[in-house]
Every structure is written in C-alpha cells, then in structure tokens.
>>> print(open('run_25.txt').read())   # compact mmCIF, N, CA and C atoms
# COMPACT_ATOMS: atom_id res chain seq x y z
N MET A 16 78.31 139.92 78.70
CA MET A 16 79.55 139.41 79.25
C MET A 16 79.27 138.41 80.38
N LYS A 17 78.32 138.76 81.23
CA LYS A 17 78.01 137.87 82.35
C LYS A 17 77.38 136.57 81.86
N SER A 18 76.55 136.64 80.83
CA SER A 18 75.93 135.41 80.33
C SER A 18 76.96 134.50 79.69
N ALA A 19 77.95 135.05 79.02
CA ALA A 19 79.00 134.22 78.42
C ALA A 19 79.84 133.55 79.51
N LEU A 20 80.09 134.29 80.57
CA LEU A 20 80.84 133.73 81.69
C LEU A 20 80.04 132.63 82.39
N MET A 21 78.74 132.83 82.53
CA MET A 21 77.89 131.81 83.15
C MET A 21 77.81 130.56 82.28
N ILE A 22 77.75 130.73 80.98
CA ILE A 22 77.72 129.57 80.07
C ILE A 22 79.04 128.81 80.13
N LEU A 23 80.13 129.53 80.17
CA LEU A 23 81.45 128.89 80.28
C LEU A 23 81.59 128.14 81.61
N LEU A 24 81.13 128.75 82.69
CA LEU A 24 81.17 128.10 84.00
C LEU A 24 80.29 126.85 84.02
N ALA A 25 79.11 126.92 83.45
CA ALA A 25 78.22 125.76 83.39
C ALA A 25 78.83 124.65 82.54
N ALA A 26 79.50 125.01 81.45
CA ALA A 26 80.14 124.01 80.59
C ALA A 26 81.28 123.32 81.34
N CYS A 27 82.03 124.08 82.12
CA CYS A 27 83.12 123.48 82.90
C CYS A 27 82.57 122.52 83.95
N LEU A 28 81.50 122.90 84.62
CA LEU A 28 80.92 122.04 85.63
C LEU A 28 80.35 120.76 85.04
N THR A 29 79.65 120.86 83.93
CA THR A 29 79.08 119.66 83.32
C THR A 29 80.15 118.77 82.71
N SER A 30 81.22 119.35 82.21
CA SER A 30 82.29 118.51 81.65
C SER A 30 83.00 117.73 82.75
N SER A 31 83.09 118.31 83.94
CA SER A 31 83.73 117.58 85.03
C SER A 31 82.84 116.45 85.54
N VAL A 32 81.53 116.58 85.39
CA VAL A 32 80.61 115.53 85.83
C VAL A 32 80.68 114.34 84.90
N PHE A 33 80.77 114.58 83.59
CA PHE A 33 80.74 113.50 82.61
C PHE A 33 82.10 112.97 82.23
N ALA A 34 83.17 113.53 82.76
CA ALA A 34 84.52 113.07 82.43
C ALA A 34 84.78 111.72 83.10
N PRO A 35 85.46 110.81 82.40
CA PRO A 35 85.77 109.51 83.02
C PRO A 35 86.83 109.68 84.11
N ALA A 36 86.80 108.78 85.07
CA ALA A 36 87.78 108.84 86.17
C ALA A 36 89.14 108.40 85.66
N ALA A 37 90.16 109.13 86.03
CA ALA A 37 91.52 108.80 85.63
C ALA A 37 92.17 107.98 86.74
N HIS A 38 92.79 106.88 86.37
CA HIS A 38 93.46 106.03 87.34
C HIS A 38 94.96 106.14 87.11
N ALA A 39 95.64 106.73 88.05
CA ALA A 39 97.08 106.91 87.94
C ALA A 39 97.80 105.70 88.50
N ARG A 40 98.93 105.38 87.94
CA ARG A 40 99.75 104.28 88.42
C ARG A 40 101.04 104.85 88.99
N VAL A 41 101.54 104.22 90.02
CA VAL A 41 102.75 104.68 90.68
C VAL A 41 103.79 103.59 90.59
N ASN A 42 104.98 103.97 90.18
CA ASN A 42 106.09 103.02 90.16
C ASN A 42 106.76 103.07 91.53
N VAL A 43 106.79 101.95 92.23
CA VAL A 43 107.28 101.91 93.60
C VAL A 43 108.61 101.18 93.64
N GLU A 44 109.61 101.81 94.25
CA GLU A 44 110.88 101.15 94.50
C GLU A 44 111.04 101.05 96.01
N ARG A 45 111.04 99.85 96.51
CA ARG A 45 111.15 99.65 97.96
C ARG A 45 112.61 99.77 98.38
N THR A 46 112.80 100.38 99.53
CA THR A 46 114.16 100.57 100.01
C THR A 46 114.53 99.55 101.08
N GLY A 47 113.56 98.92 101.68
CA GLY A 47 113.83 97.95 102.74
C GLY A 47 113.90 96.54 102.21
N SER A 48 113.85 95.62 103.11
CA SER A 48 113.88 94.22 102.75
C SER A 48 112.52 93.81 102.18
N GLU A 49 112.53 92.89 101.25
CA GLU A 49 111.27 92.40 100.69
C GLU A 49 110.56 91.47 101.66
N ASN A 50 111.27 90.88 102.59
CA ASN A 50 110.68 89.97 103.55
C ASN A 50 110.05 90.78 104.68
N PRO A 51 108.73 90.66 104.87
CA PRO A 51 108.09 91.47 105.91
C PRO A 51 108.51 91.09 107.33
N VAL A 52 108.91 89.84 107.55
CA VAL A 52 109.34 89.42 108.89
C VAL A 52 110.63 90.14 109.27
N VAL A 53 111.53 90.31 108.30
CA VAL A 53 112.78 91.01 108.56
C VAL A 53 112.51 92.48 108.90
N GLU A 54 111.58 93.10 108.19
CA GLU A 54 111.25 94.49 108.46
C GLU A 54 110.65 94.67 109.85
N VAL A 55 109.72 93.79 110.23
CA VAL A 55 109.09 93.89 111.55
C VAL A 55 110.11 93.61 112.65
N ALA A 56 110.96 92.61 112.46
CA ALA A 56 111.96 92.28 113.47
C ALA A 56 112.96 93.43 113.64
N ARG A 57 113.39 94.02 112.55
CA ARG A 57 114.33 95.14 112.62
C ARG A 57 113.70 96.32 113.34
N SER A 58 112.46 96.62 113.04
CA SER A 58 111.77 97.73 113.69
C SER A 58 111.58 97.46 115.18
N THR A 59 111.27 96.21 115.54
CA THR A 59 111.08 95.85 116.94
C THR A 59 112.39 95.98 117.73
N ILE A 60 113.47 95.51 117.14
CA ILE A 60 114.78 95.59 117.81
C ILE A 60 115.20 97.05 117.99
N TYR A 61 115.04 97.86 116.95
CA TYR A 61 115.40 99.27 117.07
C TYR A 61 114.51 100.00 118.09
N GLY A 62 113.23 99.64 118.15
CA GLY A 62 112.34 100.23 119.15
C GLY A 62 112.75 99.87 120.56
N GLY A 63 113.14 98.60 120.77
CA GLY A 63 113.61 98.17 122.08
C GLY A 63 114.89 98.88 122.49
N LEU A 64 115.82 99.03 121.53
CA LEU A 64 117.07 99.74 121.83
C LEU A 64 116.82 101.22 122.14
N ALA A 65 115.91 101.83 121.40
CA ALA A 65 115.58 103.23 121.67
C ALA A 65 114.93 103.37 123.05
N GLY A 66 114.05 102.46 123.41
CA GLY A 66 113.44 102.48 124.73
C GLY A 66 114.46 102.28 125.84
N LEU A 67 115.44 101.40 125.58
CA LEU A 67 116.49 101.17 126.57
C LEU A 67 117.35 102.41 126.78
N VAL A 68 117.68 103.10 125.69
CA VAL A 68 118.49 104.32 125.79
C VAL A 68 117.71 105.41 126.53
N VAL A 69 116.44 105.60 126.15
CA VAL A 69 115.64 106.64 126.81
C VAL A 69 115.41 106.30 128.28
N GLY A 70 115.13 105.04 128.59
CA GLY A 70 114.94 104.62 129.97
C GLY A 70 116.20 104.79 130.80
N SER A 71 117.36 104.47 130.23
CA SER A 71 118.62 104.67 130.94
C SER A 71 118.89 106.13 131.21
N ALA A 72 118.58 106.99 130.23
CA ALA A 72 118.78 108.42 130.42
C ALA A 72 117.85 108.95 131.51
N LEU A 73 116.62 108.50 131.52
CA LEU A 73 115.70 108.93 132.57
C LEU A 73 116.11 108.41 133.95
N ALA A 74 116.63 107.18 133.99
CA ALA A 74 117.07 106.62 135.27
C ALA A 74 118.29 107.37 135.80
N LEU A 75 119.20 107.77 134.90
CA LEU A 75 120.37 108.54 135.33
C LEU A 75 119.98 109.94 135.78
N ALA A 76 118.96 110.50 135.18
CA ALA A 76 118.53 111.85 135.56
C ALA A 76 117.72 111.83 136.85
N SER A 77 117.13 110.72 137.19
CA SER A 77 116.31 110.62 138.39
C SER A 77 117.21 110.38 139.61
N SER A 78 116.83 110.93 140.73
CA SER A 78 117.64 110.75 141.93
C SER A 78 117.40 109.39 142.58
N SER A 79 116.17 108.92 142.56
CA SER A 79 115.88 107.61 143.14
C SER A 79 115.26 106.72 142.07
N SER A 80 116.01 105.70 141.66
CA SER A 80 115.51 104.81 140.62
C SER A 80 115.83 103.37 141.00
N ASP A 81 114.85 102.49 140.87
CA ASP A 81 115.07 101.08 141.18
C ASP A 81 115.06 100.22 139.91
N GLY A 82 115.15 100.81 138.73
CA GLY A 82 115.19 100.05 137.49
C GLY A 82 113.85 99.91 136.80
N GLN A 83 112.79 100.36 137.43
CA GLN A 83 111.47 100.25 136.82
C GLN A 83 111.35 101.14 135.58
N VAL A 84 112.00 102.29 135.61
CA VAL A 84 111.94 103.21 134.46
C VAL A 84 112.58 102.56 133.25
N ILE A 85 113.73 101.94 133.43
CA ILE A 85 114.41 101.28 132.32
C ILE A 85 113.57 100.14 131.78
N ARG A 86 113.01 99.36 132.67
CA ARG A 86 112.20 98.20 132.26
C ARG A 86 111.00 98.62 131.42
N TRP A 87 110.26 99.61 131.91
CA TRP A 87 109.03 99.98 131.20
C TRP A 87 109.31 100.78 129.94
N CYS A 88 110.39 101.52 129.90
CA CYS A 88 110.76 102.20 128.66
C CYS A 88 111.20 101.19 127.60
N PHE A 89 111.90 100.14 128.02
CA PHE A 89 112.29 99.09 127.10
C PHE A 89 111.05 98.36 126.55
N VAL A 90 110.12 98.03 127.43
CA VAL A 90 108.89 97.36 127.00
C VAL A 90 108.08 98.26 126.08
N GLY A 91 107.96 99.54 126.44
CA GLY A 91 107.21 100.47 125.59
C GLY A 91 107.86 100.67 124.24
N GLY A 92 109.19 100.80 124.20
CA GLY A 92 109.89 100.95 122.93
C GLY A 92 109.76 99.73 122.04
N THR A 93 109.80 98.54 122.66
CA THR A 93 109.63 97.31 121.90
C THR A 93 108.23 97.23 121.30
N MET A 94 107.23 97.58 122.08
CA MET A 94 105.84 97.54 121.57
C MET A 94 105.63 98.57 120.46
N VAL A 95 106.16 99.77 120.65
CA VAL A 95 106.02 100.80 119.62
C VAL A 95 106.75 100.36 118.35
N GLY A 96 107.93 99.77 118.48
CA GLY A 96 108.65 99.27 117.31
C GLY A 96 107.90 98.16 116.60
N LEU A 97 107.29 97.26 117.36
CA LEU A 97 106.50 96.18 116.76
C LEU A 97 105.30 96.73 116.01
N LEU A 98 104.60 97.67 116.62
CA LEU A 98 103.42 98.26 115.96
C LEU A 98 103.82 99.07 114.74
N ALA A 99 104.91 99.83 114.83
CA ALA A 99 105.36 100.63 113.70
C ALA A 99 105.81 99.75 112.54
N GLY A 100 106.53 98.67 112.83
CA GLY A 100 106.96 97.76 111.78
C GLY A 100 105.80 97.05 111.11
N THR A 101 104.82 96.63 111.91
CA THR A 101 103.63 95.98 111.36
C THR A 101 102.83 96.95 110.49
N TYR A 102 102.68 98.18 110.96
CA TYR A 102 101.97 99.19 110.18
C TYR A 102 102.69 99.48 108.87
N TYR A 103 104.01 99.59 108.93
CA TYR A 103 104.79 99.88 107.72
C TYR A 103 104.64 98.75 106.69
N VAL A 104 104.75 97.52 107.14
CA VAL A 104 104.66 96.38 106.23
C VAL A 104 103.24 96.25 105.67
N ALA A 105 102.23 96.51 106.50
CA ALA A 105 100.85 96.35 106.04
C ALA A 105 100.43 97.44 105.07
N HIS A 106 101.02 98.62 105.16
CA HIS A 106 100.59 99.73 104.32
C HIS A 106 101.55 100.08 103.19
N ARG A 107 102.56 99.29 102.95
CA ARG A 107 103.44 99.61 101.82
C ARG A 107 102.77 99.13 100.54
N PRO A 108 103.00 99.84 99.45
CA PRO A 108 102.33 99.47 98.20
C PRO A 108 102.89 98.17 97.64
N SER A 109 102.03 97.43 96.99
CA SER A 109 102.46 96.17 96.41
C SER A 109 102.85 96.38 94.95
N ALA A 110 103.79 95.60 94.49
CA ALA A 110 104.25 95.70 93.11
C ALA A 110 103.24 95.02 92.20
N ASP A 111 103.03 95.59 91.03
CA ASP A 111 102.11 95.01 90.04
C ASP A 111 102.91 94.34 88.94
N ALA A 112 102.38 93.23 88.45
CA ALA A 112 102.99 92.53 87.33
C ALA A 112 102.23 92.86 86.06
N VAL A 113 102.73 92.38 84.91
CA VAL A 113 102.07 92.63 83.64
C VAL A 113 100.71 91.92 83.62
N LEU A 114 100.68 90.65 83.98
CA LEU A 114 99.43 89.89 84.11
C LEU A 114 99.21 89.63 85.59
N GLN A 115 98.08 90.05 86.10
CA GLN A 115 97.83 89.90 87.53
C GLN A 115 96.46 89.28 87.73
N LEU A 116 96.41 88.18 88.49
CA LEU A 116 95.16 87.52 88.84
C LEU A 116 94.80 87.98 90.24
N ASP A 117 93.76 88.79 90.35
CA ASP A 117 93.37 89.39 91.63
C ASP A 117 91.90 89.13 91.88
N GLY A 118 91.59 88.26 92.83
CA GLY A 118 90.21 87.97 93.18
C GLY A 118 89.43 87.30 92.07
N GLY A 119 90.09 86.50 91.26
CA GLY A 119 89.41 85.79 90.18
C GLY A 119 89.33 86.55 88.87
N THR A 120 89.80 87.79 88.83
CA THR A 120 89.79 88.56 87.59
C THR A 120 91.22 88.75 87.11
N LEU A 121 91.41 88.59 85.82
CA LEU A 121 92.73 88.77 85.21
C LEU A 121 92.87 90.22 84.77
N GLN A 122 93.93 90.87 85.23
CA GLN A 122 94.16 92.28 84.89
C GLN A 122 95.45 92.40 84.10
N LEU A 123 95.45 93.28 83.13
CA LEU A 123 96.62 93.54 82.30
C LEU A 123 97.15 94.93 82.63
N HIS A 124 98.42 95.01 83.01
CA HIS A 124 99.05 96.27 83.38
C HIS A 124 100.22 96.54 82.44
N PRO A 125 100.59 97.80 82.26
CA PRO A 125 101.79 98.08 81.46
C PRO A 125 103.03 97.59 82.21
N PRO A 126 104.05 97.15 81.49
CA PRO A 126 105.24 96.63 82.18
C PRO A 126 106.00 97.73 82.90
N THR A 127 106.49 97.41 84.08
CA THR A 127 107.35 98.33 84.84
C THR A 127 108.71 97.68 84.98
N PHE A 128 109.74 98.42 84.67
CA PHE A 128 111.10 97.91 84.75
C PHE A 128 111.68 98.21 86.12
N GLU A 129 112.30 97.21 86.72
CA GLU A 129 112.92 97.36 88.03
C GLU A 129 114.41 97.07 87.90
N ARG A 130 115.18 97.67 88.79
CA ARG A 130 116.61 97.40 88.80
C ARG A 130 116.89 96.05 89.42
N ALA A 131 117.74 95.28 88.75
CA ALA A 131 118.15 93.97 89.26
C ALA A 131 119.36 94.16 90.18
N PRO A 132 119.64 93.17 91.03
CA PRO A 132 120.76 93.33 91.97
C PRO A 132 122.12 93.52 91.31
N LEU A 133 122.36 92.96 90.14
CA LEU A 133 123.67 93.05 89.50
C LEU A 133 123.75 94.16 88.45
N GLY A 134 122.87 95.12 88.51
CA GLY A 134 122.94 96.26 87.60
C GLY A 134 122.07 96.15 86.37
N GLY A 135 121.41 95.05 86.16
CA GLY A 135 120.54 94.89 85.01
C GLY A 135 119.14 95.38 85.32
N SER A 136 118.17 94.94 84.54
CA SER A 136 116.79 95.30 84.81
C SER A 136 115.93 94.04 84.70
N GLN A 137 114.82 94.06 85.39
CA GLN A 137 113.90 92.92 85.37
C GLN A 137 112.47 93.43 85.26
N VAL A 138 111.61 92.61 84.69
CA VAL A 138 110.20 92.94 84.52
C VAL A 138 109.37 91.85 85.17
N PRO A 139 108.57 92.18 86.21
CA PRO A 139 107.69 91.16 86.79
C PRO A 139 106.57 90.84 85.81
N LEU A 140 106.43 89.58 85.43
CA LEU A 140 105.46 89.21 84.40
C LEU A 140 104.13 88.73 84.95
N VAL A 141 104.14 87.86 85.96
CA VAL A 141 102.90 87.26 86.45
C VAL A 141 102.85 87.39 87.97
N ALA A 142 101.69 87.78 88.49
CA ALA A 142 101.49 87.87 89.94
C ALA A 142 100.10 87.33 90.26
N VAL A 143 99.98 86.64 91.39
CA VAL A 143 98.71 86.08 91.83
C VAL A 143 98.47 86.58 93.26
N ARG A 144 97.27 87.11 93.51
CA ARG A 144 96.87 87.55 94.86
C ARG A 144 95.66 86.75 95.29
N PHE A 145 95.67 86.32 96.53
CA PHE A 145 94.54 85.55 97.07
C PHE A 145 93.79 86.36 98.07
>>> encode(input="run_25.txt", output="structure tokens")
Amino acid sequence: MKSALMILLAACLTSSVFAPAAHARVNVERTGSENPVVEVARSTIYGGLAGLVVGSALALASSSSDGQVIRWCFVGGTMVGLLAGTYYVAHRPSADAVLQLDGGTLQLHPPTFERAPLGGSQVPLVAVRF
C-alpha cells in the first residue's frame, strides 16, 4: 500500500514538473476615464479636498491654530492624491487587441467584446505598443 502511494505521489510530482505553463487571460472593464490625465487630476483634486476637510477639522478641534494645520493637511492631501492617481493609472491593466504589435513581435489574441457607449458591442482589432 505504501509503495503504491509513493509511486502515485512521485507521478504527481513529475507531472507537475513537465506540465506546460498555463497563461490565463483576463477581460478588463475599466470603470474610470480612459484618459490618464483626467484620472490623475480627479484624484489630485479629491485628495486636496480631503486634506482641506481634515485640516479644517483639526484646526477647529485645536485651541490655538494659526492656519498651518489647514495648509499642511491640504498640501499633504494633494500630494497623496497625486501619488495615488499616478499609481492607479500606471498599474491598471491594458486592453489587448486581436492583433497586437508589442516590442517588434506580432501577437494574436482571441477577440474580446466590449460594451459600446450606445448599447452595442465593439471589438478592438489592432493595437501597437512602443
């Protein structure tokens, strides 16, 4: 019984070594604006407003305040919003087309259907990345 179990375990281990790597594809639907400048600007503005609200609340709670708390909370919120927006735009997945030229190699992908603005569907056919 133990030898059969050992043979089965060895077969499982060797099959996992020789198995080809599976590459999964993800269909991505973006919820924000496609323009990265709009996304970063929106995040920066919201960060500045959040910093202004938090700074005002801290200034009201403090007994002696000369406005420095509001100023630095606004600056900090703006910087955090700018960094968060830049990070979000830089790390969001990119859409793939059916034919994609990436780094000098032509890649063929299965078509992905996307919703069009007027209720129809669209298929991105060609994409070029530099």
>>> closest_residue(input="run_25.txt", among="A:Gly91, A:Pro51, A:Leu23, A:Arg57", to="A:Ala105", atoms="all atoms listed in the file")
A:Pro51
>>> atom_distance(input="run_25.txt", atom1="atom CA of A:Gly63", atom2="atom N of A:Val84")
14.2 Å
>>> closest_residue(input="run_25.txt", among="A:Cys27, A:Ala56, A:Leu75, A:Ala19", to="A:Tyr103", atoms="only C-alpha atoms")
A:Ala56
>>> axis_aligned_box(input="run_25.txt", around="stretch 74-90 of chain A", padding_each_side="4 Å", output="AutoDock Vina command-line options")
--center_x 114.2 --center_y 104.6 --center_z 134.6 --size_x 20.3 --size_y 22.5 --size_z 25.1
>>> atom_distance(input="run_25.txt", atom1="atom N of A:Gly100", atom2="atom N of A:Val53")
10.7 Å
>>> atom_distance(input="run_25.txt", atom1="atom N of A:Ile85", atom2="atom CA of A:Gly70")
4.5 Å
>>> residues_around(input="run_25.txt", residues="A:Thr101", least_positions_apart="5", cutoff="9 Å", atoms="only C-alpha atoms", output="MDAnalysis selection string")
chainID A and resid 51 54:55 58 96 106
>>> write_last_selection(input="run_25.txt", atoms="N, CA and C atoms", output="tab-separated table (two decimals), in the frame of the given file")
chain	number	residue	atom	x	y	z
A	51	PRO	N	108.73	90.66	104.87
A	51	PRO	CA	108.09	91.47	105.91
A	51	PRO	C	108.51	91.09	107.33
A	54	GLU	N	111.58	93.10	108.19
A	54	GLU	CA	111.25	94.49	108.46
A	54	GLU	C	110.65	94.67	109.85
A	55	VAL	N	109.72	93.79	110.23
A	55	VAL	CA	109.09	93.89	111.55
A	55	VAL	C	110.11	93.61	112.65
A	58	SER	N	112.46	96.62	113.04
A	58	SER	CA	111.77	97.73	113.69
A	58	SER	C	111.58	97.46	115.18
A	96	GLY	N	107.93	99.77	118.48
A	96	GLY	CA	108.65	99.27	117.31
A	96	GLY	C	107.90	98.16	116.60
A	106	HIS	N	101.02	98.62	105.16
A	106	HIS	CA	100.59	99.73	104.32
A	106	HIS	C	101.55	100.08	103.19
>>> decode(input="run_25.txt", residues="stretch 54-66 of chain A", atoms="all heavy atoms", output="PDB file, in the first residue's frame")
ATOM      1  N   GLU A  54      -7.894  61.028 -14.888  1.00  0.00           N
ATOM      2  CA  GLU A  54      -7.868  60.224 -13.666  1.00  0.00           C
ATOM      3  C   GLU A  54      -6.928  60.807 -12.617  1.00  0.00           C
ATOM      4  O   GLU A  54      -7.264  60.891 -11.441  1.00  0.00           O
ATOM      5  CB  GLU A  54      -7.439  58.788 -13.988  1.00  0.00           C
ATOM      6  CG  GLU A  54      -8.492  57.971 -14.672  1.00  0.00           C
ATOM      7  CD  GLU A  54      -9.655  57.647 -13.771  1.00  0.00           C
ATOM      8  OE1 GLU A  54      -9.450  57.431 -12.563  1.00  0.00           O
ATOM      9  OE2 GLU A  54     -10.784  57.631 -14.272  1.00  0.00           O
ATOM     10  N   VAL A  55      -5.733  61.223 -13.039  1.00  0.00           N
ATOM     11  CA  VAL A  55      -4.766  61.792 -12.093  1.00  0.00           C
ATOM     12  C   VAL A  55      -5.273  63.130 -11.559  1.00  0.00           C
ATOM     13  O   VAL A  55      -5.174  63.410 -10.355  1.00  0.00           O
ATOM     14  CB  VAL A  55      -3.378  61.937 -12.758  1.00  0.00           C
ATOM     15  CG1 VAL A  55      -2.426  62.696 -11.865  1.00  0.00           C
ATOM     16  CG2 VAL A  55      -2.805  60.567 -13.076  1.00  0.00           C
ATOM     17  N   ALA A  56      -5.849  63.960 -12.416  1.00  0.00           N
ATOM     18  CA  ALA A  56      -6.359  65.260 -11.974  1.00  0.00           C
ATOM     19  C   ALA A  56      -7.515  65.083 -10.989  1.00  0.00           C
ATOM     20  O   ALA A  56      -7.583  65.781  -9.967  1.00  0.00           O
ATOM     21  CB  ALA A  56      -6.811  66.079 -13.177  1.00  0.00           C
ATOM     22  N   ARG A  57      -8.406  64.155 -11.274  1.00  0.00           N
ATOM     23  CA  ARG A  57      -9.536  63.911 -10.376  1.00  0.00           C
ATOM     24  C   ARG A  57      -9.046  63.415  -9.018  1.00  0.00           C
ATOM     25  O   ARG A  57      -9.521  63.868  -7.972  1.00  0.00           O
ATOM     26  CB  ARG A  57     -10.474  62.885 -11.012  1.00  0.00           C
ATOM     27  CG  ARG A  57     -11.724  62.639 -10.196  1.00  0.00           C
ATOM     28  CD  ARG A  57     -12.624  61.624 -10.865  1.00  0.00           C
ATOM     29  NE  ARG A  57     -13.075  62.163 -12.148  1.00  0.00           N
ATOM     30  CZ  ARG A  57     -13.325  61.416 -13.210  1.00  0.00           C
ATOM     31  NH1 ARG A  57     -13.152  60.120 -13.167  1.00  0.00           N
ATOM     32  NH2 ARG A  57     -13.751  61.962 -14.329  1.00  0.00           N
ATOM     33  N   SER A  58      -8.092  62.519  -9.018  1.00  0.00           N
ATOM     34  CA  SER A  58      -7.549  62.007  -7.766  1.00  0.00           C
ATOM     35  C   SER A  58      -6.832  63.100  -6.980  1.00  0.00           C
ATOM     36  O   SER A  58      -6.937  63.172  -5.755  1.00  0.00           O
ATOM     37  CB  SER A  58      -6.601  60.846  -8.055  1.00  0.00           C
ATOM     38  OG  SER A  58      -6.020  60.380  -6.878  1.00  0.00           O
ATOM     39  N   THR A  59      -6.111  63.976  -7.679  1.00  0.00           N
ATOM     40  CA  THR A  59      -5.404  65.067  -7.020  1.00  0.00           C
ATOM     41  C   THR A  59      -6.377  66.060  -6.382  1.00  0.00           C
ATOM     42  O   THR A  59      -6.181  66.496  -5.245  1.00  0.00           O
ATOM     43  CB  THR A  59      -4.496  65.789  -8.025  1.00  0.00           C
ATOM     44  OG1 THR A  59      -3.603  64.833  -8.605  1.00  0.00           O
ATOM     45  CG2 THR A  59      -3.698  66.891  -7.365  1.00  0.00           C
ATOM     46  N   ILE A  60      -7.428  66.397  -7.105  1.00  0.00           N
ATOM     47  CA  ILE A  60      -8.429  67.334  -6.578  1.00  0.00           C
ATOM     48  C   ILE A  60      -9.138  66.739  -5.363  1.00  0.00           C
ATOM     49  O   ILE A  60      -9.322  67.411  -4.342  1.00  0.00           O
ATOM     50  CB  ILE A  60      -9.425  67.727  -7.681  1.00  0.00           C
ATOM     51  CG1 ILE A  60      -8.725  68.602  -8.714  1.00  0.00           C
ATOM     52  CG2 ILE A  60     -10.643  68.435  -7.107  1.00  0.00           C
ATOM     53  CD1 ILE A  60      -9.525  68.859  -9.962  1.00  0.00           C
ATOM     54  N   TYR A  61      -9.531  65.469  -5.449  1.00  0.00           N
ATOM     55  CA  TYR A  61     -10.196  64.837  -4.311  1.00  0.00           C
ATOM     56  C   TYR A  61      -9.255  64.715  -3.110  1.00  0.00           C
ATOM     57  O   TYR A  61      -9.683  64.855  -1.968  1.00  0.00           O
ATOM     58  CB  TYR A  61     -10.739  63.465  -4.685  1.00  0.00           C
ATOM     59  CG  TYR A  61     -11.974  63.530  -5.566  1.00  0.00           C
ATOM     60  CD1 TYR A  61     -12.284  62.483  -6.425  1.00  0.00           C
ATOM     61  CD2 TYR A  61     -12.831  64.615  -5.536  1.00  0.00           C
ATOM     62  CE1 TYR A  61     -13.411  62.525  -7.223  1.00  0.00           C
ATOM     63  CE2 TYR A  61     -13.945  64.671  -6.335  1.00  0.00           C
ATOM     64  CZ  TYR A  61     -14.240  63.620  -7.179  1.00  0.00           C
ATOM     65  OH  TYR A  61     -15.348  63.671  -7.966  1.00  0.00           O
ATOM     66  N   GLY A  62      -7.976  64.456  -3.351  1.00  0.00           N
ATOM     67  CA  GLY A  62      -7.007  64.404  -2.261  1.00  0.00           C
ATOM     68  C   GLY A  62      -6.841  65.751  -1.588  1.00  0.00           C
ATOM     69  O   GLY A  62      -6.757  65.849  -0.364  1.00  0.00           O
ATOM     70  N   GLY A  63      -6.798  66.823  -2.389  1.00  0.00           N
ATOM     71  CA  GLY A  63      -6.698  68.164  -1.832  1.00  0.00           C
ATOM     72  C   GLY A  63      -7.926  68.540  -1.016  1.00  0.00           C
ATOM     73  O   GLY A  63      -7.821  69.137   0.064  1.00  0.00           O
ATOM     74  N   LEU A  64      -9.114  68.176  -1.522  1.00  0.00           N
ATOM     75  CA  LEU A  64     -10.343  68.459  -0.771  1.00  0.00           C
ATOM     76  C   LEU A  64     -10.401  67.666   0.534  1.00  0.00           C
ATOM     77  O   LEU A  64     -10.822  68.198   1.569  1.00  0.00           O
ATOM     78  CB  LEU A  64     -11.560  68.154  -1.633  1.00  0.00           C
ATOM     79  CG  LEU A  64     -11.817  69.132  -2.777  1.00  0.00           C
ATOM     80  CD1 LEU A  64     -12.983  68.658  -3.638  1.00  0.00           C
ATOM     81  CD2 LEU A  64     -12.088  70.513  -2.241  1.00  0.00           C
ATOM     82  N   ALA A  65      -9.971  66.418   0.486  1.00  0.00           N
ATOM     83  CA  ALA A  65      -9.956  65.610   1.706  1.00  0.00           C
ATOM     84  C   ALA A  65      -8.965  66.191   2.713  1.00  0.00           C
ATOM     85  O   ALA A  65      -9.258  66.253   3.913  1.00  0.00           O
ATOM     86  CB  ALA A  65      -9.592  64.166   1.380  1.00  0.00           C
ATOM     87  N   GLY A  66      -7.808  66.629   2.257  1.00  0.00           N
ATOM     88  CA  GLY A  66      -6.842  67.260   3.150  1.00  0.00           C
ATOM     89  C   GLY A  66      -7.367  68.553   3.744  1.00  0.00           C
ATOM     90  O   GLY A  66      -7.134  68.855   4.919  1.00  0.00           O
TER      91      GLY A  66
END
